[in-house]
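Dumped my_file_10.cif below, it's mmCIF, C-alpha atoms:
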```
data_data
#
loop_
_atom_site.label_atom_id
_atom_site.label_comp_id
_atom_site.auth_asym_id
_atom_site.auth_seq_id
_atom_site.Cartn_x
_atom_site.Cartn_y
_atom_site.Cartn_z
CA MET A 1380 67.64 0.56 -21.99
CA PRO A 1381 66.44 -2.98 -21.29
CA ALA A 1382 63.09 -3.26 -19.57
CA GLU A 1383 63.32 -3.72 -15.84
CA THR A 1384 62.01 -7.10 -14.90
CA HIS A 1385 59.58 -7.88 -12.16
CA VAL A 1386 61.90 -10.55 -10.74
CA GLU A 1387 64.56 -7.99 -9.91
CA ARG A 1388 61.98 -5.79 -8.26
CA ASN A 1389 59.76 -8.06 -6.24
CA PRO A 1390 60.22 -11.80 -6.45
CA LEU A 1391 57.40 -13.96 -5.21
CA THR A 1392 57.87 -17.18 -3.34
CA ARG A 1393 56.09 -20.30 -4.46
CA ALA A 1394 54.08 -20.26 -1.23
CA GLU A 1395 52.90 -16.72 -1.94
CA ILE A 1396 51.78 -17.73 -5.41
CA LEU A 1397 49.96 -20.77 -4.02
CA GLU A 1398 48.18 -18.55 -1.51
CA MET A 1399 47.22 -16.14 -4.28
CA VAL A 1400 45.83 -18.92 -6.47
CA ARG A 1401 43.89 -20.42 -3.56
CA GLY A 1402 42.42 -17.06 -2.61
CA LEU A 1403 41.29 -16.29 -6.13
CA LEU A 1404 39.81 -19.76 -6.64
CA ALA A 1405 37.98 -19.58 -3.32
CA ASP A 1406 36.42 -16.27 -4.33
CA ILE A 1407 35.48 -17.50 -7.81
CA LEU A 1408 34.08 -20.85 -6.69
CA GLY A 1409 32.55 -19.68 -3.43
CA ILE A 1410 34.46 -22.17 -1.28
CA GLU A 1411 36.95 -21.90 1.59
CA PRO A 1412 40.63 -21.58 0.59
CA ASP A 1413 41.72 -24.38 2.91
CA THR A 1414 39.55 -26.84 1.01
CA ILE A 1415 41.70 -26.31 -2.08
CA ALA A 1416 44.64 -28.72 -2.18
CA GLU A 1417 47.66 -28.21 -4.38
CA GLY A 1418 46.89 -31.45 -6.17
CA SER A 1419 43.23 -30.56 -6.77
CA SER A 1420 42.08 -30.95 -10.34
CA PHE A 1421 40.21 -27.88 -11.60
CA THR A 1422 37.49 -29.90 -13.29
CA ASP A 1423 37.26 -33.17 -11.35
CA ASP A 1424 37.81 -31.91 -7.79
CA LEU A 1425 36.77 -28.27 -7.90
CA GLY A 1426 34.08 -28.37 -10.59
CA ALA A 1427 35.66 -25.45 -12.44
CA ALA A 1428 34.85 -24.99 -16.12
CA SER A 1429 36.75 -22.98 -18.71
CA LEU A 1430 35.00 -19.79 -17.60
CA GLU A 1431 36.31 -20.19 -14.05
CA LEU A 1432 39.83 -20.79 -15.42
CA ILE A 1433 39.63 -17.57 -17.38
CA GLU A 1434 38.46 -15.78 -14.24
CA LEU A 1435 41.47 -17.24 -12.42
CA VAL A 1436 44.06 -16.16 -14.97
CA GLU A 1437 42.51 -12.70 -15.28
CA GLY A 1438 42.58 -12.45 -11.50
CA LEU A 1439 46.23 -13.53 -11.41
CA GLU A 1440 47.20 -11.00 -14.08
CA GLU A 1441 45.36 -8.28 -12.15
CA GLU A 1442 46.83 -9.13 -8.73
CA LEU A 1443 50.33 -9.41 -10.10
CA GLY A 1444 49.82 -6.17 -11.99
CA GLU A 1445 48.99 -4.45 -8.72
CA ARG A 1446 52.45 -5.54 -7.53
CA SER A 1447 54.00 -4.17 -10.73
CA ILE A 1448 54.61 -7.69 -11.97
CA GLU A 1449 53.60 -8.17 -15.55
CA LEU A 1450 52.33 -11.61 -16.51
CA ARG A 1451 50.38 -12.56 -19.57
CA ILE A 1452 48.73 -15.98 -19.67
CA GLU A 1453 47.65 -16.82 -23.19
CA ASP A 1454 44.46 -18.74 -23.93
CA SER A 1455 46.63 -21.43 -25.50
CA ASP A 1456 48.32 -21.96 -22.11
CA LEU A 1457 45.02 -22.79 -20.41
CA ALA A 1458 44.87 -26.33 -21.76
CA ASP A 1459 48.05 -27.18 -19.81
CA LEU A 1460 46.63 -25.99 -16.50
CA LYS A 1461 44.77 -28.99 -15.13
CA THR A 1462 45.53 -28.73 -11.41
CA VAL A 1463 46.21 -26.03 -8.84
CA ARG A 1464 49.84 -27.17 -8.88
CA ASP A 1465 50.04 -26.62 -12.65
CA ALA A 1466 48.83 -23.04 -12.22
CA VAL A 1467 51.23 -22.33 -9.36
CA ASP A 1468 54.17 -23.81 -11.27
CA PHE A 1469 53.22 -21.87 -14.38
CA VAL A 1470 53.24 -18.56 -12.52
CA PHE A 1471 56.31 -19.38 -10.41
CA GLU A 1472 58.38 -20.26 -13.47
CA ARG A 1473 57.65 -16.85 -14.94
CA VAL A 1474 57.64 -14.49 -11.98
CA GLY A 1475 58.91 -16.45 -8.99
CA GLY A 1476 62.09 -15.56 -7.12
CA ARG A 1477 63.07 -18.48 -4.99
CA MET B 945 26.22 10.12 -5.26
CA LEU B 946 28.39 8.09 -7.62
CA PRO B 947 27.92 8.50 -11.39
CA VAL B 948 26.73 5.86 -13.83
CA ALA B 949 29.55 4.83 -16.19
CA VAL B 950 28.43 4.95 -19.81
CA ASP B 951 30.28 3.14 -22.60
CA VAL B 952 30.29 5.92 -25.19
CA MET B 953 31.46 3.67 -28.04
CA GLY B 954 29.00 0.79 -27.52
CA GLY B 955 26.16 0.16 -29.95
CA ASP B 956 25.24 0.61 -33.57
CA ARG B 957 24.41 4.28 -33.05
CA SER B 958 27.41 5.29 -30.99
CA PRO B 959 28.70 7.72 -30.09
CA GLY B 960 26.05 10.27 -31.12
CA GLU B 961 22.91 8.68 -29.69
CA ILE B 962 24.76 7.38 -26.63
CA LEU B 963 26.04 10.85 -25.83
CA ALA B 964 22.61 12.36 -26.40
CA GLY B 965 21.10 9.87 -23.96
CA ALA B 966 23.84 10.55 -21.42
CA HIS B 967 23.25 14.29 -21.62
CA ALA B 968 19.51 13.75 -21.21
CA ALA B 969 20.10 11.61 -18.11
CA ALA B 970 22.46 14.23 -16.70
CA ALA B 971 19.78 16.86 -17.30
CA ASP B 972 17.42 14.63 -15.27
CA GLY B 973 19.84 14.95 -12.36
CA ILE B 974 21.63 11.60 -12.68
CA PRO B 975 25.42 11.91 -12.45
CA VAL B 976 27.12 10.36 -15.46
CA LEU B 977 30.71 9.31 -16.19
CA LEU B 978 31.42 8.96 -19.89
CA VAL B 979 33.92 6.26 -20.78
CA GLY B 980 35.41 6.92 -24.19
CA PRO B 981 38.37 8.05 -26.27
CA PRO B 982 39.99 11.42 -25.55
CA GLY B 983 38.81 14.48 -27.40
CA LEU B 984 35.56 13.12 -28.77
CA ASP B 985 33.09 15.76 -29.91
CA GLY B 986 29.97 15.85 -27.82
CA TYR B 987 31.29 15.30 -24.29
CA GLY B 988 29.98 18.78 -23.52
CA GLY B 989 31.42 19.21 -20.07
CA LEU B 990 30.40 15.84 -18.63
CA PRO B 991 33.20 14.00 -16.79
CA VAL B 992 35.16 11.56 -18.96
CA ALA B 993 37.21 8.47 -18.09
CA GLU B 994 39.52 7.91 -21.03
CA ALA B 995 39.77 4.54 -22.77
CA LEU B 996 41.67 4.15 -26.00
CA GLU B 997 40.28 0.86 -27.33
CA VAL B 998 36.89 -0.35 -28.49
CA ILE B 999 35.59 -3.92 -28.55
CA ALA B 1000 33.67 -4.25 -31.80
CA MET B 1001 30.12 -5.57 -31.95
CA ASP B 1002 31.22 -8.69 -33.83
CA GLU B 1003 34.42 -9.34 -31.87
CA ASP B 1004 34.88 -12.52 -29.82
CA PRO B 1005 33.71 -11.37 -26.38
CA MET B 1006 36.21 -13.11 -24.13
CA LYS B 1007 39.18 -12.44 -26.41
CA GLY B 1008 38.11 -8.84 -26.72
CA VAL B 1009 38.06 -8.35 -22.96
CA ARG B 1010 41.28 -10.30 -22.40
CA ASN B 1011 43.19 -8.47 -25.13
CA LYS B 1012 41.76 -4.95 -24.91
CA LYS B 1013 42.33 -3.97 -21.34
CA ASP B 1014 42.07 -0.28 -22.22
CA SER B 1015 38.70 -0.65 -23.92
CA THR B 1016 35.66 1.41 -23.03
CA LEU B 1017 33.83 -1.70 -21.78
CA VAL B 1018 36.63 -2.92 -19.52
CA ARG B 1019 37.25 0.57 -18.16
CA ALA B 1020 33.55 1.04 -17.44
CA ALA B 1021 33.47 -2.21 -15.46
CA GLU B 1022 36.63 -1.20 -13.61
CA ALA B 1023 35.06 2.14 -12.72
CA VAL B 1024 32.30 0.23 -10.89
CA ARG B 1025 34.73 -2.21 -9.28
CA ASP B 1026 37.03 0.56 -8.09
CA GLY B 1027 34.23 2.65 -6.63
CA HIS B 1028 34.33 5.43 -9.20
CA ALA B 1029 30.89 4.61 -10.61
CA SER B 1030 27.71 3.11 -9.22
CA ALA B 1031 26.73 1.17 -12.34
CA MET B 1032 27.80 0.58 -15.92
CA VAL B 1033 25.69 0.88 -19.07
CA SER B 1034 26.56 -0.33 -22.56
CA ALA B 1035 24.75 -0.92 -25.83
CA GLY B 1036 27.84 -2.61 -27.21
CA ASN B 1037 28.84 -6.23 -27.70
CA THR B 1038 26.57 -8.13 -25.28
CA GLY B 1039 28.97 -10.98 -24.64
CA ALA B 1040 31.86 -8.60 -24.04
CA THR B 1041 29.74 -6.46 -21.70
CA MET B 1042 28.93 -9.56 -19.72
CA ALA B 1043 32.55 -10.74 -19.72
CA SER B 1044 33.82 -7.30 -18.65
CA ALA B 1045 31.40 -7.20 -15.75
CA LEU B 1046 32.15 -10.75 -14.67
CA LEU B 1047 35.92 -10.54 -14.96
CA ARG B 1048 36.27 -7.10 -13.42
CA MET B 1049 33.49 -6.92 -10.82
CA GLY B 1050 33.49 -10.64 -9.98
CA ARG B 1051 30.51 -12.83 -9.25
CA ILE B 1052 28.45 -12.86 -6.10
CA ARG B 1053 29.36 -15.75 -3.81
CA GLY B 1054 27.00 -18.66 -4.38
CA VAL B 1055 26.08 -17.64 -7.92
CA ASP B 1056 27.37 -20.22 -10.41
CA ARG B 1057 26.60 -18.16 -13.49
CA PRO B 1058 25.34 -14.60 -13.95
CA ALA B 1059 22.17 -14.29 -16.03
CA ILE B 1060 20.66 -11.59 -18.21
CA ALA B 1061 17.29 -10.49 -16.85
CA THR B 1062 15.17 -8.71 -19.42
CA PRO B 1063 11.74 -7.09 -19.10
CA ILE B 1064 8.96 -8.57 -21.23
CA PRO B 1065 6.15 -6.05 -21.71
CA VAL B 1066 2.64 -7.04 -20.64
CA PRO B 1067 -0.08 -4.68 -21.92
CA GLY B 1068 -1.76 -2.91 -19.02
CA TYR B 1069 0.59 -4.27 -16.36
CA VAL B 1070 4.18 -3.96 -15.26
CA PRO B 1071 6.47 -6.13 -17.40
CA ASN B 1072 7.48 -9.67 -16.58
CA ILE B 1073 11.12 -10.51 -16.01
CA MET B 1074 12.63 -13.28 -18.10
CA LEU B 1075 16.04 -14.76 -17.38
CA ASP B 1076 18.32 -15.96 -18.77
CA ALA B 1077 17.99 -13.98 -22.00
CA GLY B 1078 21.28 -15.12 -23.47
CA ALA B 1079 24.21 -15.27 -21.07
CA ASN B 1080 24.34 -19.07 -20.76
CA ALA B 1081 23.41 -21.18 -23.77
CA GLU B 1082 23.62 -24.31 -21.64
CA VAL B 1083 22.62 -24.43 -18.00
CA GLN B 1084 22.27 -26.84 -15.10
CA ALA B 1085 19.03 -27.30 -13.20
CA GLU B 1086 20.54 -25.74 -10.05
CA TRP B 1087 21.38 -22.61 -11.99
CA LEU B 1088 17.73 -22.17 -12.94
CA VAL B 1089 16.90 -22.10 -9.23
CA GLN B 1090 19.54 -19.40 -8.78
CA PHE B 1091 18.03 -17.47 -11.69
CA ALA B 1092 14.63 -17.73 -10.01
CA ARG B 1093 16.03 -16.35 -6.76
CA MET B 1094 17.82 -13.45 -8.46
CA GLY B 1095 14.88 -12.72 -10.75
CA SER B 1096 12.47 -12.58 -7.82
CA ILE B 1097 14.63 -10.03 -6.01
CA TYR B 1098 14.96 -8.00 -9.19
CA ALA B 1099 11.18 -8.03 -9.78
CA ARG B 1100 10.67 -6.68 -6.27
CA HIS B 1101 13.23 -3.91 -6.75
CA ARG B 1102 12.26 -3.03 -10.28
CA PHE B 1103 8.47 -3.32 -10.27
CA ASP B 1104 7.58 -3.39 -6.56
CA ILE B 1105 6.07 -6.88 -6.76
CA ALA B 1106 5.99 -8.08 -3.16
CA ALA B 1107 5.95 -11.84 -3.80
CA PRO B 1108 6.79 -12.44 -7.47
CA LYS B 1109 5.34 -15.59 -9.00
CA VAL B 1110 8.00 -17.67 -10.75
CA GLY B 1111 7.30 -19.85 -13.78
CA LEU B 1112 9.58 -22.31 -15.55
CA LEU B 1113 9.40 -21.93 -19.34
CA SER B 1114 8.54 -25.26 -20.88
CA ILE B 1115 6.37 -26.89 -23.53
CA GLY B 1116 3.38 -27.66 -21.30
CA GLU B 1117 1.95 -26.67 -17.95
CA GLU B 1118 2.03 -30.14 -16.39
CA PRO B 1119 5.04 -31.00 -14.22
CA GLY B 1120 6.08 -33.87 -16.47
CA LYS B 1121 6.35 -31.71 -19.58
CA GLY B 1122 9.70 -30.73 -21.01
CA ASP B 1123 13.16 -32.20 -21.37
CA SER B 1124 15.25 -33.71 -18.58
CA LEU B 1125 16.64 -30.31 -17.61
CA ARG B 1126 13.15 -28.84 -17.16
CA LYS B 1127 11.93 -31.88 -15.21
CA GLU B 1128 14.88 -31.74 -12.82
CA ALA B 1129 14.56 -27.97 -12.41
CA PHE B 1130 10.83 -28.32 -11.71
CA GLY B 1131 11.54 -30.54 -8.69
CA LEU B 1132 14.25 -28.24 -7.38
CA LEU B 1133 12.10 -25.13 -7.78
CA GLU B 1134 9.15 -26.78 -6.03
CA SER B 1135 11.23 -27.37 -2.92
CA ALA B 1136 13.29 -24.16 -2.99
CA PRO B 1137 12.55 -21.95 0.02
CA GLY B 1138 11.65 -18.31 -0.60
CA ILE B 1139 10.62 -18.80 -4.24
CA GLU B 1140 6.93 -18.52 -5.18
CA PHE B 1141 7.07 -21.23 -7.84
CA ILE B 1142 3.82 -21.68 -9.75
CA GLY B 1143 4.98 -24.42 -12.11
CA ASN B 1144 5.60 -24.54 -15.82
CA VAL B 1145 4.55 -21.74 -18.13
CA GLU B 1146 4.45 -21.78 -21.91
CA GLY B 1147 5.62 -19.36 -24.56
CA ARG B 1148 2.14 -17.87 -24.78
CA ASP B 1149 2.44 -16.82 -21.13
CA LEU B 1150 5.48 -14.63 -21.68
CA MET B 1151 3.36 -11.52 -22.29
CA LYS B 1152 0.62 -12.42 -19.80
CA LYS B 1153 0.53 -12.07 -16.03
CA THR B 1154 0.65 -15.81 -15.45
CA ALA B 1155 4.05 -15.41 -13.81
CA ASP B 1156 6.07 -12.32 -12.88
CA VAL B 1157 9.42 -14.04 -13.33
CA ILE B 1158 10.08 -16.61 -16.04
CA VAL B 1159 13.24 -18.70 -15.87
CA THR B 1160 14.86 -20.56 -18.72
CA ASP B 1161 18.25 -21.31 -20.25
CA GLY B 1162 19.97 -18.56 -22.21
CA PHE B 1163 19.53 -20.24 -25.57
CA THR B 1164 15.77 -20.64 -25.24
CA GLY B 1165 15.44 -17.23 -23.59
CA ASN B 1166 17.25 -15.46 -26.38
CA VAL B 1167 15.21 -17.21 -29.07
CA ALA B 1168 11.99 -16.32 -27.24
CA LEU B 1169 13.03 -12.70 -26.77
CA LYS B 1170 13.99 -12.21 -30.41
CA ALA B 1171 10.79 -13.93 -31.54
CA LEU B 1172 8.71 -11.54 -29.45
CA GLU B 1173 10.63 -8.46 -30.58
CA GLY B 1174 10.44 -9.48 -34.23
CA GLY B 1175 6.78 -10.41 -33.98
CA MET B 1176 5.81 -7.11 -32.35
CA ARG B 1177 7.79 -5.11 -34.88
CA THR B 1178 6.13 -6.98 -37.75
CA LEU B 1179 2.69 -6.54 -36.21
CA PHE B 1180 3.07 -2.77 -35.77
CA ALA B 1181 4.42 -2.40 -39.31
CA ALA B 1182 1.51 -4.43 -40.68
CA LEU B 1183 -0.96 -2.26 -38.74
CA LEU B 1184 0.52 0.94 -40.12
CA GLU B 1185 0.44 -0.49 -43.63
CA ALA B 1186 -3.19 -1.52 -43.21
CA PHE B 1187 -4.11 1.95 -41.99
CA GLY B 1188 -2.64 3.44 -45.15
CA SER B 1189 -4.03 0.89 -47.56
CA GLU B 1190 -7.24 2.82 -48.32
CA PRO B 1191 -7.67 6.60 -48.39
CA GLY B 1192 -10.75 6.34 -46.20
CA TYR B 1193 -8.89 4.60 -43.40
CA LYS B 1194 -6.73 7.60 -42.58
CA GLN B 1195 -9.26 9.47 -40.49
CA HIS B 1196 -10.00 6.31 -38.51
CA ALA B 1197 -6.29 5.69 -38.02
CA ASP B 1198 -5.83 9.27 -36.82
CA ALA B 1199 -8.63 8.71 -34.31
CA LEU B 1200 -6.95 5.54 -33.03
CA LEU B 1201 -3.45 6.99 -32.76
CA PRO B 1202 -3.89 8.46 -29.24
CA ALA B 1203 -4.62 4.91 -28.05
CA LEU B 1204 -1.98 3.19 -30.15
CA LEU B 1205 1.00 5.43 -29.46
CA PRO B 1206 1.11 4.75 -25.69
CA LEU B 1207 0.70 1.06 -26.46
CA HIS B 1208 3.62 1.24 -28.86
CA ALA B 1209 5.71 2.94 -26.19
CA GLU B 1210 4.69 0.30 -23.65
CA MET B 1211 5.82 -2.44 -26.01
CA SER B 1212 9.09 -0.78 -27.06
CA PRO B 1213 12.38 -2.03 -25.57
CA ASP B 1214 13.55 1.60 -25.51
CA THR B 1215 11.08 2.32 -22.72
CA TYR B 1216 12.83 -0.09 -20.38
CA GLY B 1217 16.38 0.89 -21.25
CA GLY B 1218 17.92 -2.52 -21.12
CA ALA B 1219 18.46 -5.80 -19.37
CA VAL B 1220 20.38 -6.28 -16.14
CA LEU B 1221 23.19 -8.77 -15.66
CA LEU B 1222 22.32 -10.38 -12.33
CA GLY B 1223 24.88 -12.23 -10.23
CA VAL B 1224 27.90 -9.94 -10.50
CA LYS B 1225 29.13 -7.62 -7.76
CA GLY B 1226 27.85 -4.47 -9.39
CA ILE B 1227 25.07 -3.11 -11.56
CA CYS B 1228 25.56 -3.79 -15.27
CA ILE B 1229 22.91 -2.66 -17.72
CA ILE B 1230 23.02 -4.29 -21.15
CA SER B 1231 21.15 -2.21 -23.69
CA HIS B 1232 19.98 -3.18 -27.14
CA GLY B 1233 22.60 -2.73 -29.85
CA SER B 1234 20.30 -0.39 -31.75
CA SER B 1235 19.64 1.81 -28.70
CA GLY B 1236 18.97 5.46 -29.36
CA SER B 1237 19.06 8.37 -26.95
CA THR B 1238 15.76 7.48 -25.26
CA ALA B 1239 16.86 3.92 -24.56
CA MET B 1240 20.20 5.15 -23.18
CA ARG B 1241 18.55 7.75 -21.00
CA ASN B 1242 16.27 5.06 -19.55
CA ALA B 1243 19.12 2.59 -19.18
CA ILE B 1244 21.17 5.11 -17.20
CA ALA B 1245 18.13 5.86 -15.03
CA LEU B 1246 17.68 2.13 -14.45
CA GLY B 1247 21.31 1.70 -13.41
CA HIS B 1248 20.99 4.61 -11.03
CA GLU B 1249 17.71 3.35 -9.56
CA MET B 1250 18.94 -0.20 -9.02
CA THR B 1251 21.98 1.17 -7.22
CA GLN B 1252 19.84 3.36 -5.01
CA ARG B 1253 17.61 0.39 -4.18
CA GLY B 1254 20.52 -1.83 -3.19
CA LEU B 1255 19.84 -4.62 -5.67
CA VAL B 1256 23.31 -6.17 -5.49
CA ALA B 1257 23.40 -6.07 -1.69
CA GLU B 1258 20.09 -7.90 -1.46
CA ILE B 1259 21.09 -10.61 -3.93
CA THR B 1260 24.38 -11.02 -2.04
CA ALA B 1261 22.53 -11.35 1.26
CA ALA B 1262 20.03 -13.84 -0.16
CA PHE B 1263 22.77 -16.11 -1.48
CA ALA B 1264 24.74 -15.84 1.74
CA ALA B 1265 21.65 -16.92 3.65
CA ALA B 1266 21.09 -19.85 1.29
CA ASP B 1267 24.75 -20.94 1.56
#
```
Rewritten as structure tokens:
Amino acid sequence: MPAETHVERNPLTRAEILEMVRGLLADILGIEPDTIAEGSSFTDDLGAASLELIELVEGLEEELGERSIELRIEDSDLADLKTVRDAVDFVFERVGGR
Amino acid sequence: MLPVAVDVMGGDRSPGEILAGAHAAAADGIPVLLVGPPGLDGYGGLPVAEALEVIAMDEDPMKGVRNKKDSTLVRAAEAVRDGHASAMVSAGNTGATMASALLRMGRIRGVDRPAIATPIPVPGYVPNIMLDAGANAEVQAEWLVQFARMGSIYARHRFDIAAPKVGLLSIGEEPGKGDSLRKEAFGLLESAPGIEFIGNVEGRDLMKKTADVIVTDGFTGNVALKALEGGMRTLFAALLEAFGSEPGYKQHADALLPALLPLHAEMSPDTYGGAVLLGVKGICIISHGSSGSTAMRNAIALGHEMTQRGLVAEITAAFAAAD
């Protein structure tokens, strides 16, 4: 039997993913979520280093896992994630619904 | 009272010595949660949280934690995060222990980087606290101020030092001594409220009561720690060899042993159980890779005590106030 996909079960909107990314980043960086713009660069605008990016993707995998949505972000994918928008698009392309 | 989660598979002498230490701690009245593979001999009725994977001592820490989500280290950190344990203890891969705690418990708001705070024995006194002992090879001057703040709180909780004196490890006592990082940190520490900064200290002050808390970057701290440990081990071995070098020395050595054995215990890392990872939202005790049952017993007791004393809550409050 083919594996049931998360998309069939519980699709996430792009706005929900953006909110999730903002919330995680705010917690990791100790800043308010509304100070994080979609176009913010992780390094230049938010001062996030590779460790903070790993915390973000681990947090995303965990939060999605709690919603029974399986997502694996490989270390090799991290280099492509330069802005908040990149991260949101990355997740939305894989688990988003609409 | 929540149990202390113990990584059964961490360390060079696991699982035997780890289990022996856990049983000893349980016999002392400290609740323990063993985190290990199912069906291991030696659990002996203590509660077990099963974990099927092990992160090896030489494995890449971050990859290990990212790829082995059912490892003893990750599960131990999750037990603390999820409220099933009060603290975690491991003698396993130091980097992976740190990564597990950071990625699962999360960092305290306002803390840029967690730091490893390790006790440095001082003959006749309570130990000094040195941080960072290896978590961050490269640091920023602001982080050293954060280390000073966390280390001061830890020294109060751990050794009841009311107003811990903080020293910045450098290559001279004068303010102008050291590299650019040390010079910048000196200025920040001087003006930081709530920190009893006494100025620069040198390597020779590590085992003296010049300062109660010594802050440095993780690279320097780890080199200093290993130098002290290696030097003390070599010194004790040389003493024992000298005592046995002439037949006539034996009776004198026997007479000195009652004085030397407590000193040896005071200098031994096993006595203090382990270092604490400060800056994460939970208690994480990082024990020496060669830890035996005594070290584990003391590490578990330390985790329990720091929980009871509310170490994390006080660091959280201090950083919230400084925000």
Could you list, as a list in words, the residues of chain B having an atom within 6 Å of chain A when counting all atoms listed in the file? Leu1047, Arg1053 and Gly1054 of chain B
Excluding region 1132-1144 of chain B and its own-chain neighbours fewer than 4 positions away, which residues fall within 8 Å of it when counting only C-alpha atoms? Please give them as a ChimeraX atom specification. /B:1085-1086,1089,1092-1093,1096,1107-1114,1116-1119,1128,1155
Within 9 Å of Pro991 (chain B), counting only C-alpha atoms, which residues show up once you throw out same-chain ones fewer than 4 positions away? Write them as an MDAnalysis selection string, please. chainID B and resid 976:979 987
Residues of the last selection are to be written out with C-alpha atoms, as a short mmCIF file (atom, residue, chain, number, x, y, z; two decimals), keeping the file's coordinate frame.
```cif
data_model
loop_
_atom_site.label_atom_id
_atom_site.label_comp_id
_atom_site.auth_asym_id
_atom_site.auth_seq_id
_atom_site.Cartn_x
_atom_site.Cartn_y
_atom_site.Cartn_z
CA VAL B 976 27.12 10.36 -15.46
CA LEU B 977 30.71 9.31 -16.19
CA LEU B 978 31.42 8.96 -19.89
CA VAL B 979 33.92 6.26 -20.78
CA TYR B 987 31.29 15.30 -24.29
#
```
Picked residues, the PyMOL selection byres ((chain A and resi 1389-1402) around 12), expected as a count of residues only: 58
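Between CA of Ala1079 (chain B) and CA of Val950 (chain B) the interatomic distance comes to 20.7 Å.
The two atoms in question, CA of Asp1267 (chain B) and CA of Ile1105 (chain B), are spaced 24.8 Å apart.
With distances taken over all atoms listed in the file, B:Gly1223 is the one residue among B:Gly1218, B:Gly1223, B:Gly955, B:Gly965 lying closest to Gln1090 (chain B).
Pairwise distance (CA of Ala1040 (chain B), CA of Ala1239 (chain B)) equals 19.5 Å.
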All residues 12 Å or closer to Ala1168 (chain B), all atoms listed in the file, same chain fewer than 2 positions away omitted, as an NGL selection string: :B and (1062 or 1064 or 1074-1078 or 1113-1114 or 1146-1151 or 1158-1166 or 1170-1175)
Please evaluate the PyMOL selection byres ((chain B and resi 1041) around 9) against the displayed coordinates and give the resulting residues as a VMD selection string. chain B and resid 1005 1009 1017 to 1018 1021 1033 to 1040 1042 to 1046 1228 to 1230
Evaluate the PyMOL selection byres ((chain B and resi 1057) around 8) on the structure here and hand back the selected residues as number ranges by chain. B: 1051, 1055-1056, 1058-1059, 1080, 1087, 1223
Would you save the residues from that selection as a short mmCIF file (atom, residue, chain, number, x, y, z; two decimals), in the frame of the given file, using C-alpha atoms?
```
data_model
loop_
_atom_site.label_atom_id
_atom_site.label_comp_id
_atom_site.auth_asym_id
_atom_site.auth_seq_id
_atom_site.Cartn_x
_atom_site.Cartn_y
_atom_site.Cartn_z
CA ARG B 1051 30.51 -12.83 -9.25
CA VAL B 1055 26.08 -17.64 -7.92
CA ASP B 1056 27.37 -20.22 -10.41
CA PRO B 1058 25.34 -14.60 -13.95
CA ALA B 1059 22.17 -14.29 -16.03
CA ASN B 1080 24.34 -19.07 -20.76
CA TRP B 1087 21.38 -22.61 -11.99
CA GLY B 1223 24.88 -12.23 -10.23
#
```
